[in-house]
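Asker: File coords.pdb below, PDB, C-alpha atoms and all ligand atoms:
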MODEL        1
ATOM      1  CA  MET W 186     -53.894  11.527  32.768
ATOM      2  CA  SER W 187     -53.238   9.422  29.666
ATOM      3  CA  ARG W 188     -49.733   8.132  29.243
ATOM      4  CA  PRO W 189     -47.773   8.314  25.990
ATOM      5  CA  ALA W 190     -48.118   5.184  23.857
ATOM      6  CA  ILE W 191     -45.061   3.427  22.501
ATOM      7  CA  LEU W 192     -44.252   0.479  20.261
ATOM      8  CA  VAL W 193     -41.436  -2.014  20.903
ATOM      9  CA  THR W 194     -40.753  -3.448  17.467
ATOM     10  CA  ARG W 195     -38.929  -6.693  18.400
ATOM     11  CA  GLU W 196     -38.867  -9.065  21.336
ATOM     12  CA  ILE W 197     -36.658  -7.804  24.170
ATOM     13  CA  PHE W 198     -36.002  -8.677  27.819
ATOM     14  CA  PRO W 199     -39.338  -8.943  29.737
ATOM     15  CA  GLU W 200     -37.774  -6.898  32.571
ATOM     16  CA  VAL W 201     -37.306  -4.007  30.160
ATOM     17  CA  ILE W 202     -40.895  -4.239  28.952
ATOM     18  CA  GLU W 203     -41.951  -4.095  32.620
ATOM     19  CA  LEU W 204     -39.771  -1.026  33.161
ATOM     20  CA  LEU W 205     -41.343   0.712  30.162
ATOM     21  CA  ALA W 206     -44.859  -0.267  31.253
ATOM     22  CA  ARG W 207     -44.366   1.480  34.598
ATOM     23  CA  HIS W 208     -44.276   4.808  32.744
ATOM     24  CA  LEU W 209     -45.792   4.342  29.289
ATOM     25  CA  ASP W 210     -48.558   2.485  27.430
ATOM     26  CA  VAL W 211     -46.636  -0.273  25.732
ATOM     27  CA  GLU W 212     -47.456  -2.373  22.706
ATOM     28  CA  ALA W 213     -44.644  -4.913  22.468
ATOM     29  CA  ASN W 214     -43.837  -7.506  19.831
ATOM     30  CA  GLN W 215     -42.901 -10.171  22.390
ATOM     31  CA  SER W 216     -43.905 -12.922  19.980
ATOM     32  CA  ASP W 217     -41.210 -11.495  17.694
ATOM     33  CA  GLU W 218     -43.423 -11.514  14.596
ATOM     34  CA  SER W 219     -41.818 -10.315  11.378
ATOM     35  CA  TRP W 220     -43.763  -7.228  10.358
ATOM     36  CA  SER W 221     -43.930  -5.911   6.831
ATOM     37  CA  ARG W 222     -43.281  -2.233   6.383
ATOM     38  CA  GLU W 223     -47.044  -1.638   6.089
ATOM     39  CA  GLN W 224     -47.669  -3.511   9.342
ATOM     40  CA  LEU W 225     -44.987  -1.472  11.092
ATOM     41  CA  VAL W 226     -46.556   1.767   9.840
ATOM     42  CA  ALA W 227     -49.998   0.577  10.999
ATOM     43  CA  LYS W 228     -48.636  -0.365  14.442
ATOM     44  CA  LEU W 229     -47.024   3.070  14.779
ATOM     45  CA  ALA W 230     -50.353   4.873  14.315
ATOM     46  CA  GLY W 231     -51.014   6.916  17.449
ATOM     47  CA  LYS W 232     -47.652   6.014  19.019
ATOM     48  CA  ALA W 233     -45.483   8.777  20.476
ATOM     49  CA  GLY W 234     -42.395   6.610  20.661
ATOM     50  CA  ALA W 235     -40.772   3.464  19.344
ATOM     51  CA  LEU W 236     -38.014   1.232  20.631
ATOM     52  CA  THR W 237     -36.390  -0.004  17.435
ATOM     53  CA  THR W 238     -33.534  -2.285  16.449
ATOM     54  CA  GLY W 239     -31.287  -2.057  13.403
ATOM     55  CA  SER W 240     -33.888  -4.046  11.440
ATOM     56  CA  GLU W 241     -36.424  -1.205  11.118
ATOM     57  CA  ARG W 242     -35.843   1.569   8.599
ATOM     58  CA  ILE W 243     -37.050   4.910   9.946
ATOM     59  CA  ASP W 244     -37.174   7.181   6.919
ATOM     60  CA  ALA W 245     -39.132  10.119   5.556
ATOM     61  CA  ALA W 246     -41.988   8.002   4.128
ATOM     62  CA  LEU W 247     -42.503   6.193   7.435
ATOM     63  CA  LEU W 248     -42.306   9.435   9.419
ATOM     64  CA  ASP W 249     -44.887  11.061   7.145
ATOM     65  CA  ALA W 250     -47.269   8.193   7.910
ATOM     66  CA  ALA W 251     -46.534   8.031  11.648
ATOM     67  CA  THR W 252     -47.604  11.580  12.382
ATOM     68  CA  ARG W 253     -47.775  11.227  16.198
ATOM     69  CA  LEU W 254     -44.237   9.839  16.516
ATOM     70  CA  ARG W 255     -41.921  12.017  18.625
ATOM     71  CA  VAL W 256     -39.017   9.710  19.420
ATOM     72  CA  CYS W 257     -37.291   6.556  18.134
ATOM     73  CA  ALA W 258     -34.843   4.878  20.496
ATOM     74  CA  ASN W 259     -32.544   2.484  18.636
ATOM     75  CA  MET W 260     -31.216  -0.460  20.603
ATOM     76  CA  ALA W 261     -27.844  -0.199  18.852
ATOM     77  CA  VAL W 262     -24.978   2.238  18.726
ATOM     78  CA  GLY W 263     -25.115   2.251  14.911
ATOM     79  CA  TYR W 264     -28.074   4.086  13.437
ATOM     80  CA  ASN W 265     -27.752   3.761   9.688
ATOM     81  CA  ASN W 266     -31.376   2.517   9.751
ATOM     82  CA  PHE W 267     -32.398   6.063  10.790
ATOM     83  CA  ASP W 268     -32.676   8.973   8.385
ATOM     84  CA  VAL W 269     -31.606  11.447  11.067
ATOM     85  CA  PRO W 270     -32.008  14.606   8.914
ATOM     86  CA  ALA W 271     -35.573  13.534   8.031
ATOM     87  CA  MET W 272     -36.276  12.916  11.717
ATOM     88  CA  THR W 273     -34.839  16.266  12.725
ATOM     89  CA  ALA W 274     -36.823  18.065  10.031
ATOM     90  CA  ARG W 275     -40.023  16.562  11.460
ATOM     91  CA  GLY W 276     -39.071  17.186  15.094
ATOM     92  CA  VAL W 277     -38.624  13.484  15.878
ATOM     93  CA  LEU W 278     -35.885  12.708  18.391
ATOM     94  CA  ALA W 279     -33.415   9.911  17.605
ATOM     95  CA  THR W 280     -31.398   8.124  20.285
ATOM     96  CA  ASN W 281     -28.885   5.251  20.220
ATOM     97  CA  THR W 282     -26.956   3.189  22.795
ATOM     98  CA  PRO W 283     -23.326   4.336  22.877
ATOM     99  CA  ASP W 284     -20.699   3.366  25.477
ATOM    100  CA  VAL W 285     -22.511   0.400  27.027
ATOM    101  CA  LEU W 286     -21.326  -1.923  24.246
ATOM    102  CA  THR W 287     -17.854  -0.544  23.516
ATOM    103  CA  ASP W 288     -15.751  -3.153  25.309
ATOM    104  CA  THR W 289     -17.960  -6.103  24.402
ATOM    105  CA  THR W 290     -17.784  -5.211  20.717
ATOM    106  CA  ALA W 291     -14.027  -4.587  20.869
ATOM    107  CA  ASP W 292     -13.718  -8.048  22.453
ATOM    108  CA  LEU W 293     -15.505  -9.593  19.468
ATOM    109  CA  ALA W 294     -13.175  -7.787  17.052
ATOM    110  CA  PHE W 295     -10.281  -9.483  18.789
ATOM    111  CA  THR W 296     -12.071 -12.833  18.900
ATOM    112  CA  LEU W 297     -12.536 -12.721  15.117
ATOM    113  CA  LEU W 298      -9.021 -11.413  14.507
ATOM    114  CA  MET W 299      -7.428 -14.236  16.484
ATOM    115  CA  ALA W 300      -9.768 -16.916  15.165
ATOM    116  CA  ALA W 301      -9.125 -15.855  11.557
ATOM    117  CA  ALA W 302      -5.372 -15.314  11.900
ATOM    118  CA  ARG W 303      -4.886 -18.619  13.754
ATOM    119  CA  ARG W 304      -7.232 -20.523  11.428
ATOM    120  CA  ILE W 305      -9.500 -21.717  14.215
ATOM    121  CA  GLY W 306     -12.549 -22.361  12.003
ATOM    122  CA  GLU W 307     -10.600 -24.513   9.555
ATOM    123  CA  SER W 308      -8.874 -26.417  12.387
ATOM    124  CA  GLU W 309     -12.094 -27.138  14.184
ATOM    125  CA  ARG W 310     -13.911 -28.341  11.068
ATOM    126  CA  PHE W 311     -10.925 -30.595  10.236
ATOM    127  CA  LEU W 312     -10.921 -32.151  13.697
ATOM    128  CA  ARG W 313     -14.700 -32.659  13.846
ATOM    129  CA  ALA W 314     -14.595 -34.311  10.418
ATOM    130  CA  GLY W 315     -12.237 -36.957  11.849
ATOM    131  CA  GLN W 316      -9.420 -35.872   9.542
ATOM    132  CA  TRP W 317      -6.770 -35.493  12.262
ATOM    133  CA  GLN W 318      -4.619 -38.574  11.752
ATOM    134  CA  ARG W 319      -1.158 -37.225  12.554
ATOM    135  CA  TRP W 320       0.796 -34.068  13.320
ATOM    136  CA  ARG W 321       2.378 -32.002  10.561
ATOM    137  CA  TYR W 322       4.863 -29.162  10.931
ATOM    138  CA  ASP W 323       2.694 -26.773   8.922
ATOM    139  CA  MET W 324      -0.724 -27.925  10.068
ATOM    140  CA  PHE W 325      -2.969 -24.829  10.194
ATOM    141  CA  ALA W 326       0.029 -22.576  10.599
ATOM    142  CA  GLY W 327      -1.416 -19.077  10.583
ATOM    143  CA  ALA W 328      -0.241 -15.521  11.119
ATOM    144  CA  GLU W 329       1.314 -14.152  14.295
ATOM    145  CA  VAL W 330      -0.918 -11.822  16.291
ATOM    146  CA  HIS W 331       1.335 -10.595  19.112
ATOM    147  CA  GLY W 332       3.873  -8.054  17.944
ATOM    148  CA  ALA W 333       2.201  -7.700  14.521
ATOM    149  CA  THR W 334       0.943  -4.431  13.033
ATOM    150  CA  LEU W 335      -2.715  -3.816  13.826
ATOM    151  CA  GLY W 336      -4.513  -1.425  11.470
ATOM    152  CA  ILE W 337      -7.806   0.158  12.480
ATOM    153  CA  LEU W 338     -10.099   1.958  10.049
ATOM    154  CA  GLY W 339     -12.503   4.111  12.079
ATOM    155  CA  MET W 340     -11.243   5.267  15.447
ATOM    156  CA  GLY W 341     -14.324   5.997  17.541
ATOM    157  CA  ARG W 342     -14.866   4.450  20.956
ATOM    158  CA  ILE W 343     -14.868   0.844  19.712
ATOM    159  CA  GLY W 344     -11.803   1.428  17.503
ATOM    160  CA  GLN W 345      -9.990   2.844  20.507
ATOM    161  CA  GLY W 346     -10.975  -0.235  22.532
ATOM    162  CA  VAL W 347      -9.523  -2.469  19.805
ATOM    163  CA  ALA W 348      -6.336  -0.386  19.750
ATOM    164  CA  LYS W 349      -5.833  -0.716  23.511
ATOM    165  CA  ARG W 350      -6.362  -4.468  23.395
ATOM    166  CA  GLY W 351      -3.786  -4.773  20.619
ATOM    167  CA  ALA W 352      -1.172  -2.441  22.083
ATOM    168  CA  LEU W 353      -1.442  -3.321  25.765
ATOM    169  CA  GLY W 354      -2.494  -6.969  25.569
ATOM    170  CA  PHE W 355      -0.584  -8.189  22.519
ATOM    171  CA  GLY W 356       2.310  -5.754  22.146
ATOM    172  CA  MET W 357       1.116  -4.811  18.664
ATOM    173  CA  LYS W 358       2.160  -1.754  16.706
ATOM    174  CA  VAL W 359      -1.114   0.112  16.187
ATOM    175  CA  ILE W 360      -1.818   2.348  13.202
ATOM    176  CA  TYR W 361      -5.182   3.891  12.356
ATOM    177  CA  HIS W 362      -7.024   6.008   9.850
ATOM    178  CA  ASN W 363     -10.109   8.029  10.649
ATOM    179  CA  ARG W 364     -12.010  10.982   9.161
ATOM    180  CA  SER W 365     -10.531  13.138  11.907
ATOM    181  CA  ARG W 366      -7.313  12.541  13.779
ATOM    182  CA  LEU W 367      -7.490  11.828  17.524
ATOM    183  CA  THR W 368      -6.023  14.303  19.993
ATOM    184  CA  ALA W 369      -2.412  13.690  21.021
ATOM    185  CA  GLU W 370      -3.658  12.562  24.461
ATOM    186  CA  LEU W 371      -6.002   9.959  22.979
ATOM    187  CA  GLU W 372      -3.346   8.752  20.533
ATOM    188  CA  ALA W 373      -0.974   8.266  23.471
ATOM    189  CA  GLU W 374      -3.654   6.491  25.511
ATOM    190  CA  CYS W 375      -4.357   4.112  22.600
ATOM    191  CA  ARG W 376      -0.668   3.911  21.619
ATOM    192  CA  ALA W 377      -1.851   4.448  18.053
ATOM    193  CA  ALA W 378      -0.244   6.338  15.167
ATOM    194  CA  TYR W 379      -2.310   8.125  12.519
ATOM    195  CA  VAL W 380      -1.557   7.135   8.899
ATOM    196  CA  SER W 381      -3.175   7.632   5.500
ATOM    197  CA  LYS W 382      -5.702   5.023   4.337
ATOM    198  CA  GLU W 383      -3.193   3.863   1.709
ATOM    199  CA  ALA W 384      -0.468   3.315   4.322
ATOM    200  CA  LEU W 385      -2.958   1.552   6.592
ATOM    201  CA  LEU W 386      -3.889  -0.924   3.860
ATOM    202  CA  LYS W 387      -0.264  -1.555   2.893
ATOM    203  CA  GLU W 388       1.219  -1.873   6.370
ATOM    204  CA  ALA W 389      -1.423  -3.665   8.446
ATOM    205  CA  ASP W 390      -0.907  -7.355   9.213
ATOM    206  CA  HIS W 391      -4.431  -7.354  10.613
ATOM    207  CA  LEU W 392      -6.971  -4.741   9.577
ATOM    208  CA  VAL W 393     -10.076  -4.125  11.692
ATOM    209  CA  LEU W 394     -12.990  -2.076  10.312
ATOM    210  CA  VAL W 395     -14.924  -0.097  12.902
ATOM    211  CA  LEU W 396     -16.264   2.854  10.910
ATOM    212  CA  PRO W 397     -19.944   3.820  10.693
ATOM    213  CA  TYR W 398     -21.828   2.965   7.507
ATOM    214  CA  SER W 399     -22.815   5.900   5.289
ATOM    215  CA  PRO W 400     -22.914   6.521   1.534
ATOM    216  CA  GLU W 401     -19.287   7.732   1.900
ATOM    217  CA  SER W 402     -18.112   4.510   3.548
ATOM    218  CA  HIS W 403     -19.998   2.222   1.111
ATOM    219  CA  HIS W 404     -17.438  -0.280  -0.238
ATOM    220  CA  ALA W 405     -14.597   1.488   1.552
ATOM    221  CA  ILE W 406     -12.902  -1.891   1.142
ATOM    222  CA  GLY W 407     -13.343  -3.172  -2.409
ATOM    223  CA  ALA W 408     -11.202  -4.992  -4.968
ATOM    224  CA  ALA W 409      -8.690  -2.126  -5.265
ATOM    225  CA  GLU W 410      -8.182  -1.829  -1.512
ATOM    226  CA  LEU W 411      -7.918  -5.601  -1.059
ATOM    227  CA  ALA W 412      -5.272  -5.646  -3.783
ATOM    228  CA  THR W 413      -3.079  -3.272  -1.781
ATOM    229  CA  MET W 414      -3.219  -5.382   1.391
ATOM    230  CA  LYS W 415      -0.517  -7.915   2.270
ATOM    231  CA  PRO W 416      -1.207 -11.452   1.005
ATOM    232  CA  THR W 417      -0.661 -12.587   4.600
ATOM    233  CA  ALA W 418      -3.149 -10.065   6.034
ATOM    234  CA  THR W 419      -6.336 -10.663   7.997
ATOM    235  CA  LEU W 420      -9.427  -8.471   7.541
ATOM    236  CA  VAL W 421     -12.029  -8.106  10.293
ATOM    237  CA  ASN W 422     -15.385  -6.352   9.811
ATOM    238  CA  ILE W 423     -17.430  -5.709  12.948
ATOM    239  CA  ALA W 424     -18.848  -2.408  11.673
ATOM    240  CA  ARG W 425     -21.622  -2.749   9.108
ATOM    241  CA  GLY W 426     -22.333  -4.698   5.976
ATOM    242  CA  GLY W 427     -21.781  -2.600   2.872
ATOM    243  CA  ILE W 428     -18.483  -1.184   4.109
ATOM    244  CA  VAL W 429     -16.837  -4.188   2.461
ATOM    245  CA  ASP W 430     -17.633  -5.310  -1.080
ATOM    246  CA  ASP W 431     -18.413  -8.887  -0.046
ATOM    247  CA  ALA W 432     -18.184 -10.265  -3.604
ATOM    248  CA  ALA W 433     -14.694  -8.782  -4.007
ATOM    249  CA  LEU W 434     -13.679 -10.109  -0.589
ATOM    250  CA  ALA W 435     -14.889 -13.633  -1.406
ATOM    251  CA  GLU W 436     -12.743 -13.543  -4.560
ATOM    252  CA  ALA W 437      -9.709 -12.200  -2.706
ATOM    253  CA  LEU W 438     -10.028 -14.947  -0.076
ATOM    254  CA  ARG W 439     -10.560 -17.635  -2.710
ATOM    255  CA  ASP W 440      -7.491 -16.494  -4.665
ATOM    256  CA  LYS W 441      -5.453 -16.071  -1.445
ATOM    257  CA  ARG W 442      -4.863 -12.393  -2.212
ATOM    258  CA  ILE W 443      -5.389 -11.932   1.512
ATOM    259  CA  ALA W 444      -4.954 -14.752   4.005
ATOM    260  CA  ALA W 445      -8.098 -14.684   6.097
ATOM    261  CA  ALA W 446     -11.103 -12.719   7.282
ATOM    262  CA  GLY W 447     -13.420 -12.537  10.276
ATOM    263  CA  LEU W 448     -16.847 -11.092   9.532
ATOM    264  CA  ASP W 449     -19.719 -10.262  11.874
ATOM    265  CA  VAL W 450     -21.678  -8.097   9.414
ATOM    266  CA  PHE W 451     -22.679  -8.564   5.780
ATOM    267  CA  GLU W 452     -24.148  -6.751   2.813
ATOM    268  CA  GLY W 453     -27.876  -7.560   2.800
ATOM    269  CA  GLU W 454     -27.689  -9.560   6.049
ATOM    270  CA  PRO W 455     -29.081 -11.964   7.144
ATOM    271  CA  GLN W 456     -28.229 -13.104   3.605
ATOM    272  CA  VAL W 457     -24.522 -13.885   3.214
ATOM    273  CA  HIS W 458     -22.726 -13.750  -0.138
ATOM    274  CA  PRO W 459     -22.504 -17.388  -1.324
ATOM    275  CA  GLY W 460     -18.826 -16.911  -2.208
ATOM    276  CA  LEU W 461     -18.051 -16.248   1.459
ATOM    277  CA  LEU W 462     -19.801 -19.451   2.507
ATOM    278  CA  GLU W 463     -17.616 -21.425   0.105
ATOM    279  CA  VAL W 464     -14.145 -20.261   1.181
ATOM    280  CA  PRO W 465     -12.509 -21.952   4.198
ATOM    281  CA  ASN W 466     -10.373 -19.051   5.363
ATOM    282  CA  VAL W 467     -13.148 -16.884   6.791
ATOM    283  CA  ILE W 468     -14.845 -16.929  10.179
ATOM    284  CA  LEU W 469     -18.507 -15.866   9.948
ATOM    285  CA  THR W 470     -20.732 -14.791  12.858
ATOM    286  CA  PRO W 471     -24.335 -13.489  12.689
ATOM    287  CA  HIS W 472     -23.937  -9.863  13.875
ATOM    288  CA  ILE W 473     -23.158 -10.738  17.501
ATOM    289  CA  GLY W 474     -20.708  -7.906  18.241
ATOM    290  CA  SER W 475     -22.582  -6.722  21.326
ATOM    291  CA  ALA W 476     -24.106 -10.086  22.219
ATOM    292  CA  THR W 477     -23.361 -10.757  25.845
ATOM    293  CA  VAL W 478     -26.305 -11.013  28.220
ATOM    294  CA  LYS W 479     -25.024  -8.119  30.307
ATOM    295  CA  THR W 480     -24.423  -5.809  27.358
ATOM    296  CA  ARG W 481     -27.649  -6.592  25.521
ATOM    297  CA  MET W 482     -29.510  -5.882  28.779
ATOM    298  CA  ALA W 483     -27.635  -2.590  29.177
ATOM    299  CA  MET W 484     -28.507  -1.636  25.589
ATOM    300  CA  ALA W 485     -32.206  -2.466  26.017
ATOM    301  CA  LYS W 486     -32.309  -0.603  29.299
ATOM    302  CA  LEU W 487     -30.600   2.466  27.848
ATOM    303  CA  ALA W 488     -33.048   2.507  24.910
ATOM    304  CA  ALA W 489     -35.944   2.261  27.401
ATOM    305  CA  ASP W 490     -34.459   4.992  29.594
ATOM    306  CA  ASN W 491     -34.177   7.220  26.533
ATOM    307  CA  LEU W 492     -37.894   6.771  25.817
ATOM    308  CA  ILE W 493     -38.922   7.329  29.434
ATOM    309  CA  GLY W 494     -36.414  10.156  29.824
ATOM    310  CA  PHE W 495     -37.803  12.001  26.844
ATOM    311  CA  LEU W 496     -41.521  11.206  26.919
ATOM    312  CA  VAL W 497     -41.959  11.495  30.705
ATOM    313  CA  HIS W 498     -39.226  13.892  31.852
ATOM    314  CA  GLY W 499     -38.234  15.725  28.662
ATOM    315  CA  LYS W 500     -34.607  14.547  29.103
ATOM    316  CA  PRO W 501     -33.305  11.706  26.916
ATOM    317  CA  LEU W 502     -29.904  10.299  27.906
ATOM    318  CA  THR W 503     -28.171   9.864  24.562
ATOM    319  CA  PRO W 504     -29.843  11.971  21.859
ATOM    320  CA  LEU W 505     -28.458  11.962  18.315
ATOM    321  CA  ASN W 506     -30.256  15.115  17.212
ATOM    322  CA  PRO W 507     -30.462  17.265  20.374
ATOM    323  CA  GLN W 508     -31.532  20.250  18.266
ATOM    324  CA  VAL W 509     -35.007  18.690  18.361
ATOM    325  CA  LEU W 510     -35.052  19.300  22.134
ATOM    326  CA  LYS W 511     -34.193  22.972  21.741
ATOM    327  CA  ALA W 512     -36.860  23.454  19.107
ATOM    328  CA  ALA W 513     -39.557  21.760  21.241
TER     329      ALA W 513
HETATM  330  C1  LIG W 601     -24.792  -1.783  17.123
HETATM  331  O1  LIG W 601     -25.028  -1.488  18.296
HETATM  332  O2  LIG W 601     -24.720  -0.945  16.226
HETATM  333  C2  LIG W 601     -24.643  -3.220  16.834
HETATM  334  O3  LIG W 601     -24.212  -3.457  15.553
HETATM  335  C3  LIG W 601     -25.974  -3.898  17.089
HETATM  336  O4  LIG W 601     -25.742  -5.136  17.634
ENDMDL
END
Take the structure I supplied and represent it as structure tokens, if you would.

Answerer:
Amino acid sequence: MSRPAILVTREIFPEVIELLARHLDVEANQSDESWSREQLVAKLAGKAGALTTGSERIDAALLDAATRLRVCANMAVGYNNFDVPAMTARGVLATNTPDVLTDTTADLAFTLLMAAARRIGESERFLRAGQWQRWRYDMFAGAEVHGATLGILGMGRIGQGVAKRGALGFGMKVIYHNRSRLTAELEAECRAAYVSKEALLKEADHLVLVLPYSPESHHAIGAAELATMKPTATLVNIARGGIVDDAALAEALRDKRIAAAGLDVFEGEPQVHPGLLEVPNVILTPHIGSATVKTRMAMAKLAADNLIGFLVHGKPLTPLNPQVLKAA
């Protein structure tokens, strides 16, 4: 009996390719070529499934060309590269990789928060440049982290992980804003108090963004929001580029309207706004929120298990549009 054919769009762990190949006919991009949109569409011809990363846009035009496609398994928890309604309308299942990266990504939020607040990037560049001649009382004096007020915008699983780290590890007062308020039990578990977005911006000493990207969250932090933050505040974005207006942030950092930022995601990445590259008080990392070996393996394996689960057994593990299953 012929096995369903799938495409793996980017290089991933060879062990995961082997796992897929035990159940499916696999075409894998293990040489990690950059494919144009047309090449991607051509590669998808005749494929029942695809293991994608955030780099591939799965939208109506692509789905109309890839008529045999039944499932796309994103190796990411975020799925703003998927047009889920268009997929659902065409009976194409979408899956992502929740849970397996929650703690790793919350760890990176804290790494960036501490590095930005304590001016680690500036200090390290100063030392490496041989500029450390003598001690000064105010040398790289930054903002306190322990006991400070931690604001979180977006309180899903990763936001909750950030809250727990702040409250339990650093004795921080945690406030959050989210589209919907957490249950009283979850608020107690996270030791987090719900506030309006305005209060969050005004009161946070350190503000961490963990909300999903959508047209509604586009530029959720722009010039007006930055203007309401404390001049001593730190901003951390581990969510998605486009949630912050990077041009406005570069200006705010340059003019010291906020003290520092830690950014893992950027508008139009891998391009980074030149203004951000020029200011010293920002820590920049290339979208490595989930990048530990263990977590990236867990993500790849979950994406593979979603493809095998659906195409071989009819049971994906983490579907985003389960209505497709009912309709099938
Ligand atoms: C995610 O899982 O959404 C991350 O941003 C990808 O590394």

Asker: Calculate how many Å separate atom O4 of ligand LIG 601 (chain W) from CA of Leu396 (chain W), rounding to one decimal.

Answerer: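 The value is 14.1 Å.
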
Asker: Name the residues, by chain letter and number, that sit within 9 Å of ligand LIG 601 (chain W) using only C-alpha atoms and all ligand atoms, and give them as a count of residues only.

Answerer: 28

Asker: Using all atoms listed in the file, what residues lie at most 10 Å away from (-4.0, -23.4, 8.2) (file coordinates), given as a PyMOL selection string?

Answerer: chain W and resi 301-308+323-328+444-445+465-466

Asker: Any idea what's packed within 12 Å of Arg342 (chain W), counting all atoms listed in the file, ignoring anything in its chain fewer than 2 positions away? Could you give it as a PyMOL selection string?

Answerer: chain W and resi 262+283-291+337+339-340+344-349+363+367+371+375+395-397

Asker: What separation in Å, quoted to one decimal, exists between CA of Ala333 (chain W) and CA of Ala352 (chain W)?

Answerer: 9.8 Å

Asker: Tell me, as a list of chain:residue names, which residues lie within 6 Å of Thr334 (chain W), counting all atoms listed in the file; anything in the same chain fewer than 5 positions away does not count.

Answerer: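 Those residues are W:Met357, W:Lys358, W:Val359, W:Ala389, W:Asp390.
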
Asker: Could you tell me how far CA of Pro459 (chain W) sits from CA of Ala418 (chain W), in Å to one decimal place?

Answerer: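 If I compute the distance from CA of Ala418 (chain W) to CA of Pro459 (chain W), I get 22.0 Å.
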
Asker: Need to verify the contact set: region 500-509 of chain W, 10 Å, all atoms listed in the file, exclusion of same-chain residues closer than 5 positions in sequence. Can you return it as a list in words?

Answerer: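 What passes the distance filter is Arg255, Val256, Cys257, Ala258, Tyr264, Val269, Pro270, Met272, Thr273, Ala274, Arg275, Gly276, Val277, Leu278, Ala279, Thr280, Asn281, Thr282, Pro283, Asp284, Leu487, Ala488, Ala489, Asp490, Asn491, Leu492, Ile493, Gly494 and Phe495 of chain W.
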
Asker: Which of these residues is nearest to Gly356 (chain W), using all atoms listed in the file: W:Arg207, W:Arg321, W:Arg376, W:His331?

Answerer: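 Closest to Gly356 (chain W) of all the choices is W:His331.
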
Asker: Pick from W:Ile406, W:Ala294, W:Leu209, W:Ala314: nearest to Leu386 (chain W), with only C-alpha atoms counted?

Answerer: W:Ile406

Asker: Expanded to explicit residues, what is the PyMOL selection byres (((chain W and resi 441-443) around 8) and not hetatm) for this file, as a list of chain:residue names?

Answerer: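 After applying the PyMOL selection byres (((chain W and resi 441-443) around 8) and not hetatm), what remains is W:Leu411, W:Ala412, W:Met414, W:Lys415, W:Pro416, W:Thr417, W:Ala418, W:Thr419, W:Ala437, W:Leu438, W:Arg439, W:Asp440, W:Ala444, W:Ala445.
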
Asker: Could you list, as an NGL selection string, every residue within 10 Å of Ala213 (chain W), counting all atoms listed in the file and ignoring same-chain residues fewer than 2 positions away?

Answerer: :W and (191-197 or 199 or 202 or 206 or 210-211 or 215-217 or 235-236)

Asker: Using all atoms listed in the file, which of the listed residues (W:Ile468, W:Gly341, W:Ser402, W:Lys382) sits closest to Thr368 (chain W)?

Answerer: W:Gly341

Asker: Determine the nearest neighbour of His208 (chain W) from the options W:Leu496, W:Arg313, W:Ser381, W:Gly354, counting all atoms listed in the file.

Answerer: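 Among the listed residues, the smallest separation from His208 (chain W) belongs to W:Leu496.
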
Asker: Mind working out the centre and edge lengths of an axis-aligned box for region 283-292 of chain W, all listed atoms inside, 6 Å added to each side, rounded to one decimal in Å and written as JSON?

Answerer:
{"center_x": -18.5, "center_y": -1.9, "center_z": 23.9, "size_x": 21.6, "size_y": 24.4, "size_z": 18.3}

Asker: Considering all atoms listed in the file, can you say which of W:Leu462, W:Leu229, W:Ala378, W:Val478 comes closest to Leu335 (chain W)?

Answerer: W:Ala378

Asker: Complete the atoms of region 197-206 of chain W to N, CA and C atoms and put them out as a PDB file, keeping the file's coordinate frame.

Answerer:
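Here's the written file out_37.pdb:
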ATOM      1  N   ILE W 197     -37.813  -8.159  23.325  1.00  0.00           N
ATOM      2  CA  ILE W 197     -36.658  -7.804  24.170  1.00  0.00           C
ATOM      3  C   ILE W 197     -36.886  -8.371  25.571  1.00  0.00           C
ATOM      4  N   PHE W 198     -35.918  -8.134  26.458  1.00  0.00           N
ATOM      5  CA  PHE W 198     -36.002  -8.677  27.819  1.00  0.00           C
ATOM      6  C   PHE W 198     -37.337  -8.282  28.479  1.00  0.00           C
ATOM      7  N   PRO W 199     -38.062  -9.264  29.068  1.00  0.00           N
ATOM      8  CA  PRO W 199     -39.338  -8.943  29.737  1.00  0.00           C
ATOM      9  C   PRO W 199     -39.153  -7.878  30.828  1.00  0.00           C
ATOM     10  N   GLU W 200     -38.016  -7.901  31.513  1.00  0.00           N
ATOM     11  CA  GLU W 200     -37.774  -6.898  32.571  1.00  0.00           C
ATOM     12  C   GLU W 200     -37.814  -5.479  31.994  1.00  0.00           C
ATOM     13  N   VAL W 201     -37.343  -5.348  30.766  1.00  0.00           N
ATOM     14  CA  VAL W 201     -37.306  -4.007  30.160  1.00  0.00           C
ATOM     15  C   VAL W 201     -38.710  -3.588  29.712  1.00  0.00           C
ATOM     16  N   ILE W 202     -39.494  -4.554  29.275  1.00  0.00           N
ATOM     17  CA  ILE W 202     -40.895  -4.239  28.952  1.00  0.00           C
ATOM     18  C   ILE W 202     -41.600  -3.772  30.230  1.00  0.00           C
ATOM     19  N   GLU W 203     -41.324  -4.487  31.340  1.00  0.00           N
ATOM     20  CA  GLU W 203     -41.951  -4.095  32.620  1.00  0.00           C
ATOM     21  C   GLU W 203     -41.534  -2.683  33.018  1.00  0.00           C
ATOM     22  N   LEU W 204     -40.261  -2.379  32.838  1.00  0.00           N
ATOM     23  CA  LEU W 204     -39.771  -1.026  33.161  1.00  0.00           C
ATOM     24  C   LEU W 204     -40.522   0.021  32.326  1.00  0.00           C
ATOM     25  N   LEU W 205     -40.637  -0.234  31.038  1.00  0.00           N
ATOM     26  CA  LEU W 205     -41.343   0.712  30.162  1.00  0.00           C
ATOM     27  C   LEU W 205     -42.796   0.867  30.598  1.00  0.00           C
ATOM     28  N   ALA W 206     -43.424  -0.279  30.941  1.00  0.00           N
ATOM     29  CA  ALA W 206     -44.859  -0.267  31.253  1.00  0.00           C
ATOM     30  C   ALA W 206     -45.161   0.474  32.551  1.00  0.00           C
TER      31      ALA W 206
END
